[in-house]
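Participant: Enclosed is the structure file query24.pdb (PDB, C-alpha atoms).
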```
MODEL        1
ATOM      1  CA  MET A 171      10.418  -2.819 -27.072  1.00  0.00           C
ATOM      2  CA  SER A 172      11.082   0.294 -29.178  1.00  0.00           C
ATOM      3  CA  SER A 173      10.919   3.844 -27.885  1.00  0.00           C
ATOM      4  CA  ALA A 174       7.662   4.359 -29.837  1.00  0.00           C
ATOM      5  CA  GLU A 175       6.169   1.229 -28.255  1.00  0.00           C
ATOM      6  CA  LEU A 176       7.248   2.478 -24.844  1.00  0.00           C
ATOM      7  CA  ASP A 177       5.558   5.833 -25.589  1.00  0.00           C
ATOM      8  CA  GLU A 178       2.324   4.042 -26.453  1.00  0.00           C
ATOM      9  CA  MET A 179       2.489   1.947 -23.285  1.00  0.00           C
ATOM     10  CA  ILE A 180       3.107   4.977 -21.090  1.00  0.00           C
ATOM     11  CA  LYS A 181       0.239   6.874 -22.742  1.00  0.00           C
ATOM     12  CA  ALA A 182      -2.043   3.892 -22.159  1.00  0.00           C
ATOM     13  CA  LEU A 183      -1.325   4.222 -18.437  1.00  0.00           C
ATOM     14  CA  SER A 184      -1.952   7.954 -18.300  1.00  0.00           C
ATOM     15  CA  HIS A 185      -5.684   7.534 -17.607  1.00  0.00           C
ATOM     16  CA  PRO A 186      -6.854   6.528 -14.129  1.00  0.00           C
ATOM     17  CA  VAL A 187      -9.627   4.262 -15.444  1.00  0.00           C
ATOM     18  CA  ARG A 188      -7.121   2.274 -17.503  1.00  0.00           C
ATOM     19  CA  ARG A 189      -4.871   1.897 -14.456  1.00  0.00           C
ATOM     20  CA  ASP A 190      -7.913   0.755 -12.456  1.00  0.00           C
ATOM     21  CA  ILE A 191      -8.801  -1.848 -15.086  1.00  0.00           C
ATOM     22  CA  LEU A 192      -5.271  -3.286 -14.986  1.00  0.00           C
ATOM     23  CA  TYR A 193      -5.398  -3.350 -11.202  1.00  0.00           C
ATOM     24  CA  TRP A 194      -8.792  -5.103 -11.114  1.00  0.00           C
ATOM     25  CA  LEU A 195      -7.666  -7.672 -13.686  1.00  0.00           C
ATOM     26  CA  LYS A 196      -4.731  -8.501 -11.427  1.00  0.00           C
ATOM     27  CA  GLN A 197      -7.123  -9.938  -8.841  1.00  0.00           C
ATOM     28  CA  PRO A 198     -10.235 -11.037 -10.728  1.00  0.00           C
ATOM     29  CA  GLU A 199     -11.381 -13.319  -7.885  1.00  0.00           C
ATOM     30  CA  LEU A 200     -11.407 -10.266  -5.614  1.00  0.00           C
ATOM     31  CA  PHE A 201     -13.106  -7.775  -7.928  1.00  0.00           C
ATOM     32  CA  PHE A 202     -15.225  -9.952 -10.193  1.00  0.00           C
ATOM     33  CA  SER A 203     -16.273 -12.817  -7.942  1.00  0.00           C
ATOM     34  CA  ASP A 204     -19.878 -12.482  -9.157  1.00  0.00           C
ATOM     35  CA  GLN A 205     -19.008 -13.288 -12.803  1.00  0.00           C
ATOM     36  CA  GLN A 206     -21.151 -16.183 -14.031  1.00  0.00           C
ATOM     37  CA  HIS A 207     -18.542 -17.492 -16.486  1.00  0.00           C
ATOM     38  CA  PRO A 208     -15.350 -19.079 -15.137  1.00  0.00           C
ATOM     39  CA  LEU A 209     -12.718 -16.466 -14.324  1.00  0.00           C
ATOM     40  CA  SER A 210     -10.208 -18.706 -16.087  1.00  0.00           C
ATOM     41  CA  PHE A 211     -11.622 -17.288 -19.356  1.00  0.00           C
ATOM     42  CA  GLY A 212     -10.668 -13.830 -18.126  1.00  0.00           C
ATOM     43  CA  VAL A 213     -13.039 -11.027 -17.172  1.00  0.00           C
ATOM     44  CA  CYS A 214     -16.006 -10.236 -19.365  1.00  0.00           C
ATOM     45  CA  ALA A 215     -16.156  -6.667 -20.736  1.00  0.00           C
ATOM     46  CA  GLY A 216     -19.642  -6.247 -19.258  1.00  0.00           C
ATOM     47  CA  MET A 217     -18.311  -6.915 -15.750  1.00  0.00           C
ATOM     48  CA  ILE A 218     -15.690  -4.220 -16.243  1.00  0.00           C
ATOM     49  CA  ASP A 219     -18.331  -1.693 -17.462  1.00  0.00           C
ATOM     50  CA  GLN A 220     -20.343  -2.418 -14.344  1.00  0.00           C
ATOM     51  CA  LYS A 221     -17.392  -2.193 -11.961  1.00  0.00           C
ATOM     52  CA  ALA A 222     -16.240   1.115 -13.476  1.00  0.00           C
ATOM     53  CA  GLY A 223     -19.784   2.527 -13.628  1.00  0.00           C
ATOM     54  CA  LEU A 224     -19.098   3.698 -17.170  1.00  0.00           C
ATOM     55  CA  SER A 225     -20.751   3.036 -20.507  1.00  0.00           C
ATOM     56  CA  GLN A 226     -19.917   0.065 -22.655  1.00  0.00           C
ATOM     57  CA  SER A 227     -18.463   2.253 -25.400  1.00  0.00           C
ATOM     58  CA  THR A 228     -16.197   4.142 -22.976  1.00  0.00           C
ATOM     59  CA  ILE A 229     -14.825   0.950 -21.436  1.00  0.00           C
ATOM     60  CA  SER A 230     -14.521  -0.641 -24.840  1.00  0.00           C
ATOM     61  CA  ALA A 231     -12.270   2.241 -25.962  1.00  0.00           C
ATOM     62  CA  HIS A 232     -10.147   1.944 -22.810  1.00  0.00           C
ATOM     63  CA  LEU A 233      -9.799  -1.819 -23.293  1.00  0.00           C
ATOM     64  CA  ALA A 234      -8.763  -1.294 -26.921  1.00  0.00           C
ATOM     65  CA  THR A 235      -6.064   1.182 -25.804  1.00  0.00           C
ATOM     66  CA  LEU A 236      -4.726  -1.272 -23.225  1.00  0.00           C
ATOM     67  CA  GLN A 237      -4.779  -4.072 -25.766  1.00  0.00           C
ATOM     68  CA  ARG A 238      -2.954  -2.027 -28.435  1.00  0.00           C
ATOM     69  CA  ALA A 239      -0.282  -1.242 -25.850  1.00  0.00           C
ATOM     70  CA  GLY A 240       0.103  -4.978 -25.209  1.00  0.00           C
ATOM     71  CA  PHE A 241      -0.951  -4.911 -21.545  1.00  0.00           C
ATOM     72  CA  ILE A 242      -4.025  -7.126 -21.990  1.00  0.00           C
ATOM     73  CA  SER A 243      -5.336  -9.827 -24.310  1.00  0.00           C
ATOM     74  CA  SER A 244      -8.865 -10.772 -25.233  1.00  0.00           C
ATOM     75  CA  LYS A 245     -10.521 -14.080 -25.961  1.00  0.00           C
ATOM     76  CA  LYS A 246     -13.913 -14.432 -27.592  1.00  0.00           C
ATOM     77  CA  VAL A 247     -16.102 -17.177 -26.154  1.00  0.00           C
ATOM     78  CA  GLY A 248     -19.550 -17.343 -27.669  1.00  0.00           C
ATOM     79  CA  GLN A 249     -20.857 -13.787 -27.716  1.00  0.00           C
ATOM     80  CA  TRP A 250     -18.583 -12.597 -24.927  1.00  0.00           C
ATOM     81  CA  ASN A 251     -15.140 -11.030 -24.866  1.00  0.00           C
ATOM     82  CA  PHE A 252     -12.955 -11.945 -21.928  1.00  0.00           C
ATOM     83  CA  PHE A 253      -9.886  -9.961 -20.933  1.00  0.00           C
ATOM     84  CA  THR A 254      -6.719 -11.004 -19.136  1.00  0.00           C
ATOM     85  CA  ARG A 255      -3.478  -9.218 -18.254  1.00  0.00           C
ATOM     86  CA  ASN A 256      -0.260  -9.998 -20.092  1.00  0.00           C
ATOM     87  CA  GLU A 257       1.931 -10.335 -17.027  1.00  0.00           C
ATOM     88  CA  ALA A 258       5.130 -10.816 -19.025  1.00  0.00           C
ATOM     89  CA  VAL A 259       4.586  -7.582 -20.955  1.00  0.00           C
ATOM     90  CA  ILE A 260       3.754  -5.652 -17.782  1.00  0.00           C
ATOM     91  CA  GLN A 261       6.915  -6.913 -16.075  1.00  0.00           C
ATOM     92  CA  GLN A 262       9.009  -6.124 -19.155  1.00  0.00           C
ATOM     93  CA  PHE A 263       7.536  -2.616 -19.218  1.00  0.00           C
ATOM     94  CA  LEU A 264       8.289  -1.969 -15.535  1.00  0.00           C
ATOM     95  CA  THR A 265      11.851  -3.254 -15.938  1.00  0.00           C
ATOM     96  CA  ARG A 266      12.415  -1.037 -18.970  1.00  0.00           C
ATOM     97  CA  LEU A 267      11.023   2.009 -17.166  1.00  0.00           C
ATOM     98  CA  HIS A 268      13.239   1.302 -14.148  1.00  0.00           C
ATOM     99  CA  GLU A 269      16.280   1.116 -16.402  1.00  0.00           C
ATOM    100  CA  GLN A 270      15.432   4.319 -18.176  1.00  0.00           C
ATOM    101  CA  LEU A 271      14.557   6.398 -15.146  1.00  0.00           C
TER
ATOM    102  CA  MET B  36       0.505  11.363  -4.582  1.00  0.00           C
ATOM    103  CA  SER B  37      -3.033  11.773  -5.948  1.00  0.00           C
ATOM    104  CA  SER B  38      -4.347  10.017  -9.025  1.00  0.00           C
ATOM    105  CA  ALA B  39      -4.266  13.340 -10.908  1.00  0.00           C
ATOM    106  CA  GLU B  40      -0.628  13.873  -9.921  1.00  0.00           C
ATOM    107  CA  LEU B  41       0.180  10.355 -11.060  1.00  0.00           C
ATOM    108  CA  ASP B  42      -1.535  11.107 -14.403  1.00  0.00           C
ATOM    109  CA  GLU B  43       0.628  14.196 -14.829  1.00  0.00           C
ATOM    110  CA  MET B  44       3.792  12.267 -13.995  1.00  0.00           C
ATOM    111  CA  ILE B  45       2.964   9.487 -16.439  1.00  0.00           C
ATOM    112  CA  LYS B  46       2.179  12.017 -19.186  1.00  0.00           C
ATOM    113  CA  ALA B  47       5.489  13.737 -18.520  1.00  0.00           C
ATOM    114  CA  LEU B  48       7.232  10.437 -19.287  1.00  0.00           C
ATOM    115  CA  SER B  49       5.312   9.781 -22.492  1.00  0.00           C
ATOM    116  CA  HIS B  50       7.818  11.678 -24.649  1.00  0.00           C
ATOM    117  CA  PRO B  51      11.163  10.062 -25.524  1.00  0.00           C
ATOM    118  CA  VAL B  52      13.099  13.328 -25.201  1.00  0.00           C
ATOM    119  CA  ARG B  53      11.843  13.815 -21.659  1.00  0.00           C
ATOM    120  CA  ARG B  54      12.842  10.260 -20.782  1.00  0.00           C
ATOM    121  CA  ASP B  55      16.275  10.930 -22.324  1.00  0.00           C
ATOM    122  CA  ILE B  56      16.701  14.097 -20.244  1.00  0.00           C
ATOM    123  CA  LEU B  57      15.938  12.210 -17.028  1.00  0.00           C
ATOM    124  CA  TYR B  58      18.369   9.487 -18.042  1.00  0.00           C
ATOM    125  CA  TRP B  59      21.147  11.958 -18.843  1.00  0.00           C
ATOM    126  CA  LEU B  60      20.612  13.828 -15.571  1.00  0.00           C
ATOM    127  CA  LYS B  61      21.094  10.542 -13.725  1.00  0.00           C
ATOM    128  CA  GLN B  62      24.741  10.437 -14.802  1.00  0.00           C
ATOM    129  CA  PRO B  63      25.770  14.055 -15.410  1.00  0.00           C
ATOM    130  CA  GLU B  64      29.489  13.233 -15.145  1.00  0.00           C
ATOM    131  CA  LEU B  65      29.034  10.789 -18.032  1.00  0.00           C
ATOM    132  CA  PHE B  66      26.878  12.916 -20.329  1.00  0.00           C
ATOM    133  CA  PHE B  67      27.862  16.469 -19.407  1.00  0.00           C
ATOM    134  CA  SER B  68      31.536  16.167 -18.492  1.00  0.00           C
ATOM    135  CA  ASP B  69      32.331  19.220 -20.648  1.00  0.00           C
ATOM    136  CA  GLN B  70      30.177  21.598 -18.593  1.00  0.00           C
ATOM    137  CA  GLN B  71      32.238  24.568 -17.421  1.00  0.00           C
ATOM    138  CA  HIS B  72      30.269  25.099 -14.202  1.00  0.00           C
ATOM    139  CA  PRO B  73      30.524  22.535 -11.403  1.00  0.00           C
ATOM    140  CA  LEU B  74      28.122  19.633 -11.940  1.00  0.00           C
ATOM    141  CA  SER B  75      27.185  19.954  -8.265  1.00  0.00           C
ATOM    142  CA  PHE B  76      24.992  22.902  -9.353  1.00  0.00           C
ATOM    143  CA  GLY B  77      23.151  20.526 -11.665  1.00  0.00           C
ATOM    144  CA  VAL B  78      23.165  20.570 -15.449  1.00  0.00           C
ATOM    145  CA  CYS B  79      22.776  23.857 -17.293  1.00  0.00           C
ATOM    146  CA  ALA B  80      19.795  24.059 -19.689  1.00  0.00           C
ATOM    147  CA  GLY B  81      22.157  25.006 -22.531  1.00  0.00           C
ATOM    148  CA  MET B  82      24.087  21.750 -22.137  1.00  0.00           C
ATOM    149  CA  ILE B  83      20.835  19.816 -22.408  1.00  0.00           C
ATOM    150  CA  ASP B  84      19.812  21.722 -25.580  1.00  0.00           C
ATOM    151  CA  GLN B  85      23.169  20.837 -27.094  1.00  0.00           C
ATOM    152  CA  LYS B  86      23.049  17.175 -26.069  1.00  0.00           C
ATOM    153  CA  ALA B  87      19.517  16.761 -27.440  1.00  0.00           C
ATOM    154  CA  GLY B  88      20.272  18.686 -30.620  1.00  0.00           C
ATOM    155  CA  LEU B  89      17.030  20.605 -30.153  1.00  0.00           C
ATOM    156  CA  SER B  90      16.196  24.286 -29.809  1.00  0.00           C
ATOM    157  CA  GLN B  91      16.306  26.123 -26.529  1.00  0.00           C
ATOM    158  CA  SER B  92      12.540  26.714 -26.545  1.00  0.00           C
ATOM    159  CA  THR B  93      11.755  23.036 -27.191  1.00  0.00           C
ATOM    160  CA  ILE B  94      14.014  21.846 -24.375  1.00  0.00           C
ATOM    161  CA  SER B  95      12.753  24.592 -22.115  1.00  0.00           C
ATOM    162  CA  ALA B  96       9.181  23.312 -22.579  1.00  0.00           C
ATOM    163  CA  HIS B  97      10.266  19.717 -21.891  1.00  0.00           C
ATOM    164  CA  LEU B  98      12.126  20.804 -18.742  1.00  0.00           C
ATOM    165  CA  ALA B  99       9.059  22.739 -17.557  1.00  0.00           C
ATOM    166  CA  THR B 100       6.898  19.623 -18.023  1.00  0.00           C
ATOM    167  CA  LEU B 101       9.348  17.485 -16.051  1.00  0.00           C
ATOM    168  CA  GLN B 102       9.544  20.120 -13.338  1.00  0.00           C
ATOM    169  CA  ARG B 103       5.749  20.466 -13.036  1.00  0.00           C
ATOM    170  CA  ALA B 104       5.540  16.696 -12.654  1.00  0.00           C
ATOM    171  CA  GLY B 105       8.062  16.912  -9.806  1.00  0.00           C
ATOM    172  CA  PHE B 106      10.794  14.822 -11.464  1.00  0.00           C
ATOM    173  CA  ILE B 107      13.389  17.614 -11.588  1.00  0.00           C
ATOM    174  CA  SER B 108      14.259  20.844  -9.770  1.00  0.00           C
ATOM    175  CA  SER B 109      16.002  23.931 -11.015  1.00  0.00           C
ATOM    176  CA  LYS B 110      18.416  26.334  -9.354  1.00  0.00           C
ATOM    177  CA  LYS B 111      19.308  29.729 -10.761  1.00  0.00           C
ATOM    178  CA  VAL B 112      22.949  30.696 -10.425  1.00  0.00           C
ATOM    179  CA  GLY B 113      23.800  34.027 -12.005  1.00  0.00           C
ATOM    180  CA  GLN B 114      22.208  33.979 -15.449  1.00  0.00           C
ATOM    181  CA  TRP B 115      22.069  30.169 -15.670  1.00  0.00           C
ATOM    182  CA  ASN B 116      19.452  27.616 -14.740  1.00  0.00           C
ATOM    183  CA  PHE B 117      20.767  24.300 -13.499  1.00  0.00           C
ATOM    184  CA  PHE B 118      18.660  21.161 -13.345  1.00  0.00           C
ATOM    185  CA  THR B 119      18.855  18.120 -11.077  1.00  0.00           C
ATOM    186  CA  ARG B 120      16.711  15.018 -10.640  1.00  0.00           C
ATOM    187  CA  ASN B 121      14.484  14.604  -7.603  1.00  0.00           C
ATOM    188  CA  GLU B 122      15.503  11.046  -6.811  1.00  0.00           C
ATOM    189  CA  ALA B 123      13.010  10.691  -3.954  1.00  0.00           C
ATOM    190  CA  VAL B 124      10.087  11.638  -6.212  1.00  0.00           C
ATOM    191  CA  ILE B 125      11.260   9.297  -8.981  1.00  0.00           C
ATOM    192  CA  GLN B 126      11.526   6.392  -6.534  1.00  0.00           C
ATOM    193  CA  GLN B 127       8.127   7.197  -5.041  1.00  0.00           C
ATOM    194  CA  PHE B 128       6.636   7.261  -8.545  1.00  0.00           C
ATOM    195  CA  LEU B 129       8.133   3.889  -9.499  1.00  0.00           C
ATOM    196  CA  THR B 130       6.934   2.322  -6.249  1.00  0.00           C
ATOM    197  CA  ARG B 131       3.434   3.672  -6.774  1.00  0.00           C
ATOM    198  CA  LEU B 132       3.352   2.419 -10.366  1.00  0.00           C
ATOM    199  CA  HIS B 133       4.538  -1.028  -9.250  1.00  0.00           C
ATOM    200  CA  GLU B 134       1.784  -1.178  -6.671  1.00  0.00           C
ATOM    201  CA  GLN B 135      -0.870  -0.133  -9.119  1.00  0.00           C
ATOM    202  CA  LEU B 136       0.146  -2.386 -11.989  1.00  0.00           C
TER
ENDMDL
END
```
Take the structure I supplied and represent it as structure tokens, if you would.

Facilitator:
Amino acid sequence: MSSAELDEMIKALSHPVRRDILYWLKQPELFFSDQQHPLSFGVCAGMIDQKAGLSQSTISAHLATLQRAGFISSKKVGQWNFFTRNEAVIQQFLTRLHEQL
Amino acid sequence: MSSAELDEMIKALSHPVRRDILYWLKQPELFFSDQQHPLSFGVCAGMIDQKAGLSQSTISAHLATLQRAGFISSKKVGQWNFFTRNEAVIQQFLTRLHEQL
């Protein structure tokens, strides 16, 4: 993880909605229990829009930022995009931040 | 620590020079052993300029950002400003980030 990558990851976390999304994705069965598709696919973007009470385009931009930073991955199933956390990357990030602070 | 305060703290860490400064201030006896004043005062801004190889005004702005975020404190002794880490705040921040991620 380079210093520039670390910068990008930290910036991705500097918005409360993006931190909320990561937190919700940590416990999908708690926050997205009403999703019709299996949660094993991940959480559908539409469910995240609804939970955040924000427009599709706003959430889509936040998801793209989190994905560029490496915190989440997406999987396309049919017409839907499902998102999951990259736990290994998140742990690596926290360890690196601990070391540097 | 409010969400807005957390935002400000995260933004303060999104620049590599600011992360370097925090890291150096963690071990002043290692990185600033040539300071004339006692390190118990903290580290003089001029020593940080020199270590970073950046101008006084640039470092001064970075130090102000870190101070606003609560990560460091300053003490004026004579004509010098000395900086120290706020370990309690840094630990609180890391704990909060761990909980939220």

Participant: Which polymer residues have any atom within 10 Å of an atom of His232 (chain A), counting only C-alpha atoms, with same-chain residues fewer than 2 positions away left out, as a list in words?

Facilitator: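 Everything that qualifies: Ala182, His185, Val187, Arg188, Arg189, Ile191, Gln226, Ser227, Thr228, Ile229, Ser230, Ala234, Thr235, Leu236, Gln237 and Arg238 of chain A.
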
Participant: Generate the output file for the selected residues, C-alpha atoms, as a CSV table (one decimal), in the coordinates of the input.

Facilitator:
```
chain,number,residue,atom,x,y,z
A,182,ALA,CA,-2.0,3.9,-22.2
A,185,HIS,CA,-5.7,7.5,-17.6
A,187,VAL,CA,-9.6,4.3,-15.4
A,188,ARG,CA,-7.1,2.3,-17.5
A,189,ARG,CA,-4.9,1.9,-14.5
A,191,ILE,CA,-8.8,-1.8,-15.1
A,226,GLN,CA,-19.9,0.1,-22.7
A,227,SER,CA,-18.5,2.3,-25.4
A,228,THR,CA,-16.2,4.1,-23.0
A,229,ILE,CA,-14.8,1.0,-21.4
A,230,SER,CA,-14.5,-0.6,-24.8
A,234,ALA,CA,-8.8,-1.3,-26.9
A,235,THR,CA,-6.1,1.2,-25.8
A,236,LEU,CA,-4.7,-1.3,-23.2
A,237,GLN,CA,-4.8,-4.1,-25.8
A,238,ARG,CA,-3.0,-2.0,-28.4
```

Participant: Superposition of chain B onto chain A by least squares over all sequentially paired C-alpha atoms; the transformed chain is requested as an mmCIF file with C-alpha atoms, in the frame of the given file.

Facilitator:
```cif
data_model
loop_
_atom_site.group_PDB
_atom_site.id
_atom_site.type_symbol
_atom_site.label_atom_id
_atom_site.label_comp_id
_atom_site.auth_asym_id
_atom_site.auth_seq_id
_atom_site.Cartn_x
_atom_site.Cartn_y
_atom_site.Cartn_z
ATOM 1 C CA MET B 36 10.439 -2.805 -27.072
ATOM 2 C CA SER B 37 11.077 0.296 -29.200
ATOM 3 C CA SER B 38 10.914 3.842 -27.905
ATOM 4 C CA ALA B 39 7.661 4.358 -29.841
ATOM 5 C CA GLU B 40 6.158 1.241 -28.254
ATOM 6 C CA LEU B 41 7.238 2.475 -24.843
ATOM 7 C CA ASP B 42 5.557 5.836 -25.592
ATOM 8 C CA GLU B 43 2.326 4.039 -26.450
ATOM 9 C CA MET B 44 2.484 1.948 -23.283
ATOM 10 C CA ILE B 45 3.105 4.979 -21.090
ATOM 11 C CA LYS B 46 0.236 6.874 -22.745
ATOM 12 C CA ALA B 47 -2.038 3.900 -22.161
ATOM 13 C CA LEU B 48 -1.322 4.224 -18.433
ATOM 14 C CA SER B 49 -1.947 7.963 -18.296
ATOM 15 C CA HIS B 50 -5.673 7.544 -17.607
ATOM 16 C CA PRO B 51 -6.848 6.535 -14.119
ATOM 17 C CA VAL B 52 -9.617 4.276 -15.443
ATOM 18 C CA ARG B 53 -7.126 2.292 -17.496
ATOM 19 C CA ARG B 54 -4.877 1.915 -14.462
ATOM 20 C CA ASP B 55 -7.919 0.774 -12.449
ATOM 21 C CA ILE B 56 -8.807 -1.836 -15.083
ATOM 22 C CA LEU B 57 -5.289 -3.285 -14.981
ATOM 23 C CA TYR B 58 -5.418 -3.346 -11.195
ATOM 24 C CA TRP B 59 -8.798 -5.088 -11.118
ATOM 25 C CA LEU B 60 -7.681 -7.665 -13.687
ATOM 26 C CA LYS B 61 -4.750 -8.511 -11.422
ATOM 27 C CA GLN B 62 -7.131 -9.937 -8.821
ATOM 28 C CA PRO B 63 -10.246 -11.030 -10.723
ATOM 29 C CA GLU B 64 -11.395 -13.319 -7.891
ATOM 30 C CA LEU B 65 -11.436 -10.272 -5.604
ATOM 31 C CA PHE B 66 -13.109 -7.764 -7.919
ATOM 32 C CA PHE B 67 -15.221 -9.953 -10.198
ATOM 33 C CA SER B 68 -16.269 -12.829 -7.949
ATOM 34 C CA ASP B 69 -19.872 -12.483 -9.174
ATOM 35 C CA GLN B 70 -19.025 -13.280 -12.802
ATOM 36 C CA GLN B 71 -21.149 -16.174 -14.049
ATOM 37 C CA HIS B 72 -18.535 -17.489 -16.489
ATOM 38 C CA PRO B 73 -15.353 -19.086 -15.149
ATOM 39 C CA LEU B 74 -12.713 -16.472 -14.327
ATOM 40 C CA SER B 75 -10.194 -18.711 -16.095
ATOM 41 C CA PHE B 76 -11.613 -17.287 -19.357
ATOM 42 C CA GLY B 77 -10.664 -13.829 -18.123
ATOM 43 C CA VAL B 78 -13.025 -11.030 -17.166
ATOM 44 C CA CYS B 79 -16.001 -10.244 -19.375
ATOM 45 C CA ALA B 80 -16.141 -6.668 -20.739
ATOM 46 C CA GLY B 81 -19.630 -6.249 -19.254
ATOM 47 C CA MET B 82 -18.318 -6.916 -15.745
ATOM 48 C CA ILE B 83 -15.697 -4.217 -16.236
ATOM 49 C CA ASP B 84 -18.326 -1.702 -17.463
ATOM 50 C CA GLN B 85 -20.352 -2.426 -14.346
ATOM 51 C CA LYS B 86 -17.399 -2.194 -11.959
ATOM 52 C CA ALA B 87 -16.257 1.114 -13.469
ATOM 53 C CA GLY B 88 -19.773 2.532 -13.614
ATOM 54 C CA LEU B 89 -19.086 3.704 -17.158
ATOM 55 C CA SER B 90 -20.743 3.037 -20.501
ATOM 56 C CA GLN B 91 -19.916 0.064 -22.651
ATOM 57 C CA SER B 92 -18.448 2.254 -25.404
ATOM 58 C CA THR B 93 -16.187 4.146 -22.982
ATOM 59 C CA ILE B 94 -14.825 0.952 -21.435
ATOM 60 C CA SER B 95 -14.516 -0.643 -24.841
ATOM 61 C CA ALA B 96 -12.262 2.232 -25.966
ATOM 62 C CA HIS B 97 -10.147 1.954 -22.800
ATOM 63 C CA LEU B 98 -9.793 -1.815 -23.281
ATOM 64 C CA ALA B 99 -8.760 -1.289 -26.915
ATOM 65 C CA THR B 100 -6.062 1.178 -25.805
ATOM 66 C CA LEU B 101 -4.726 -1.267 -23.216
ATOM 67 C CA GLN B 102 -4.784 -4.072 -25.760
ATOM 68 C CA ARG B 103 -2.955 -2.039 -28.431
ATOM 69 C CA ALA B 104 -0.286 -1.246 -25.852
ATOM 70 C CA GLY B 105 0.097 -4.980 -25.199
ATOM 71 C CA PHE B 106 -0.966 -4.907 -21.532
ATOM 72 C CA ILE B 107 -4.039 -7.121 -21.982
ATOM 73 C CA SER B 108 -5.344 -9.826 -24.322
ATOM 74 C CA SER B 109 -8.872 -10.752 -25.225
ATOM 75 C CA LYS B 110 -10.518 -14.086 -25.959
ATOM 76 C CA LYS B 111 -13.919 -14.443 -27.573
ATOM 77 C CA VAL B 112 -16.092 -17.187 -26.139
ATOM 78 C CA GLY B 113 -19.540 -17.374 -27.686
ATOM 79 C CA GLN B 114 -20.849 -13.813 -27.738
ATOM 80 C CA TRP B 115 -18.561 -12.604 -24.930
ATOM 81 C CA ASN B 116 -15.130 -11.037 -24.880
ATOM 82 C CA PHE B 117 -12.959 -11.939 -21.924
ATOM 83 C CA PHE B 118 -9.892 -9.962 -20.924
ATOM 84 C CA THR B 119 -6.712 -11.007 -19.127
ATOM 85 C CA ARG B 120 -3.476 -9.227 -18.251
ATOM 86 C CA ASN B 121 -0.263 -10.009 -20.100
ATOM 87 C CA GLU B 122 1.926 -10.333 -17.029
ATOM 88 C CA ALA B 123 5.122 -10.831 -19.039
ATOM 89 C CA VAL B 124 4.578 -7.581 -20.958
ATOM 90 C CA ILE B 125 3.749 -5.655 -17.776
ATOM 91 C CA GLN B 126 6.920 -6.911 -16.083
ATOM 92 C CA GLN B 127 9.004 -6.125 -19.161
ATOM 93 C CA PHE B 128 7.539 -2.610 -19.219
ATOM 94 C CA LEU B 129 8.306 -1.976 -15.540
ATOM 95 C CA THR B 130 11.860 -3.261 -15.953
ATOM 96 C CA ARG B 131 12.415 -1.047 -18.976
ATOM 97 C CA LEU B 132 11.021 1.995 -17.163
ATOM 98 C CA HIS B 133 13.259 1.298 -14.156
ATOM 99 C CA GLU B 134 16.285 1.116 -16.407
ATOM 100 C CA GLN B 135 15.432 4.317 -18.184
ATOM 101 C CA LEU B 136 14.563 6.394 -15.138
#
```

Participant: Kindly determine which residues of chain B lie within 6 Å of chain A, considering only C-alpha atoms, and give the answer as a PDB file with C-alpha atoms, keeping the file's coordinate frame.

Facilitator:
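See part30.pdb below for the written result:
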```pdb
ATOM      1  CA  ASP B  42      -1.535  11.107 -14.403  1.00  0.00           C
ATOM      2  CA  ILE B  45       2.964   9.487 -16.439  1.00  0.00           C
ATOM      3  CA  LYS B  46       2.179  12.017 -19.186  1.00  0.00           C
ATOM      4  CA  SER B  49       5.312   9.781 -22.492  1.00  0.00           C
ATOM      5  CA  TYR B  58      18.369   9.487 -18.042  1.00  0.00           C
ATOM      6  CA  GLN B 135      -0.870  -0.133  -9.119  1.00  0.00           C
ATOM      7  CA  LEU B 136       0.146  -2.386 -11.989  1.00  0.00           C
TER       8      LEU B 136
END
```

Participant: Could you please determine the separation between CA of Ala215 (chain A) and CA of Asn251 (chain A) in Å, to one decimal place?

Facilitator: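 CA of Asn251 (chain A) lies 6.1 Å from CA of Ala215 (chain A).
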
Participant: Looking at B:Arg131, B:Gly105, B:Cys79, B:Asp84, which one is nearest to Phe117 (chain B), with distances taken over all atoms listed in the file?

Facilitator: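 Looking only at the distances to Phe117 (chain B), the closest residue turns out to be B:Cys79.
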
Participant: I'd like the interatomic distance between CA of Leu233 (chain A) and CA of Ile218 (chain A), to a tenth of an Å.

Facilitator: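 These two atoms are separated by 9.5 Å.
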
Participant: The PyMOL selection byres ((chain B and resi 78) around 10) on the file shown: which residues, as a list in words?

Facilitator: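 Selection result, ordered by chain and number: Trp59, Leu60, Pro63, Glu64, Phe66, Phe67, Ser68, Gln70, His72, Pro73, Leu74, Ser75, Phe76, Gly77, Cys79, Ala80, Gly81, Met82, Ile83, Ser109, Lys110, Trp115, Asn116, Phe117, Phe118, Thr119 and Arg120 of chain B.
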
Participant: Expressed in Å to a single decimal, how great is the separation between CA of Val247 (chain A) and CA of Asp204 (chain A)?

Facilitator: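 According to the coordinates, CA of Val247 (chain A) and CA of Asp204 (chain A) are separated by 18.0 Å.
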
Participant: As lines of an AutoDock Vina configuration file, please report the centre and edge lengths, rounded to one decimal in Å, of the axis-aligned box that holds all listed atoms of region 182-191 of chain A with 5 Å of padding on each of the six sides.

Facilitator:
```
center_x = -5.5
center_y = 3.1
center_z = -17.3
size_x = 18.3
size_y = 19.8
size_z = 19.7
```
